[in-house]
Amino acid sequence: MRHEVQAILFDKHRFTAEDAKRILQELDYTPIKAVHITEHYRRYRIREPEEFREGTFRTYDSPTTRGLKFIIGAPKPVSTKRK
């Protein structure tokens, strides 16, 4: 089962908004909504959660960058029915 990034979280005590935007650009991700800021994170949504199979979301810490997390999930299958 293939997994894709749904959102990227930046620890707001480690990254400024400018840092986050630069890293997103370097990773070639374009957020689909304005940043959502929580007590500890700046959350950038890459894809809508409705596009993913229920119960498949997992959060992974970046193996190379402390304070950076990826929310990944298994996308729903694309319908191939002909009309």
# chains A, B, ... in the order shown; residues from 1 in each chain; ligands from 1

$ select_by_dssp --residues "chain A" --states "strand (DSSP E)" --output "PyMOL selection string"
chain A and resi 4-11+36-37+41-45+58-61+68-73

$ select_by_dssp --residues "chain A" --states "alpha helix (DSSP H)" --output "list in words"
Ala17, Glu18, Asp19, Ala20, Lys21, Arg22, Ile23, Leu24, Gln25 and Glu26 of chain A

$ atom_distance --atom1 "CA of Ile71 in chain A" --atom2 "CA of Thr59 in chain A"
4.5 Å

$ residues_around --residues "Asp11 in chain A" --least-positions-apart "6" --cutoff "12 Å" --atoms "only C-alpha atoms" --output "MDAnalysis selection string"
chainID A and resid 17 19:20 37:44 61:62 65:70

$ closest_residue --among "A:Glu54, A:Ile46, A:Ser79, A:Leu27" --to "Gln6 in chain A" --atoms "only C-alpha atoms"
A:Ile46

$ closest_residue --among "A:Phe15, A:Gly55, A:Ile32, A:Arg22" --to "Pro75 in chain A" --atoms "only C-alpha atoms"
A:Gly55

$ atom_distance --atom1 "CA of Val5 in chain A" --atom2 "CA of Gly73 in chain A"
6.6 Å

$ residues_around --residues "Lys76 in chain A" --least-positions-apart "2" --cutoff "7 Å" --atoms "only C-alpha atoms" --output "number ranges by chain"
A: 51-53, 74, 78

$ write_last_selection --atoms "C-alpha atoms" --output "PDB file, in the first residue's frame"
ATOM      1  CA  GLU A  51      -8.586  11.939   0.185  1.00  0.00           C
ATOM      2  CA  PHE A  52      -7.132   9.218   2.445  1.00  0.00           C
ATOM      3  CA  ARG A  53      -8.358   5.874   3.730  1.00  0.00           C
ATOM      4  CA  ALA A  74      -2.844   5.754   2.350  1.00  0.00           C
ATOM      5  CA  VAL A  78      -8.956   6.648  -7.702  1.00  0.00           C
TER       6      VAL A  78
END

$ atom_distance --atom1 "CA of Pro63 in chain A" --atom2 "CA of Thr30 in chain A"
21.0 Å

$ closest_residue --among "A:Asp28, A:Glu48, A:Glu18, A:Glu4" --to "Tyr60 in chain A" --atoms "only C-alpha atoms"
A:Glu4
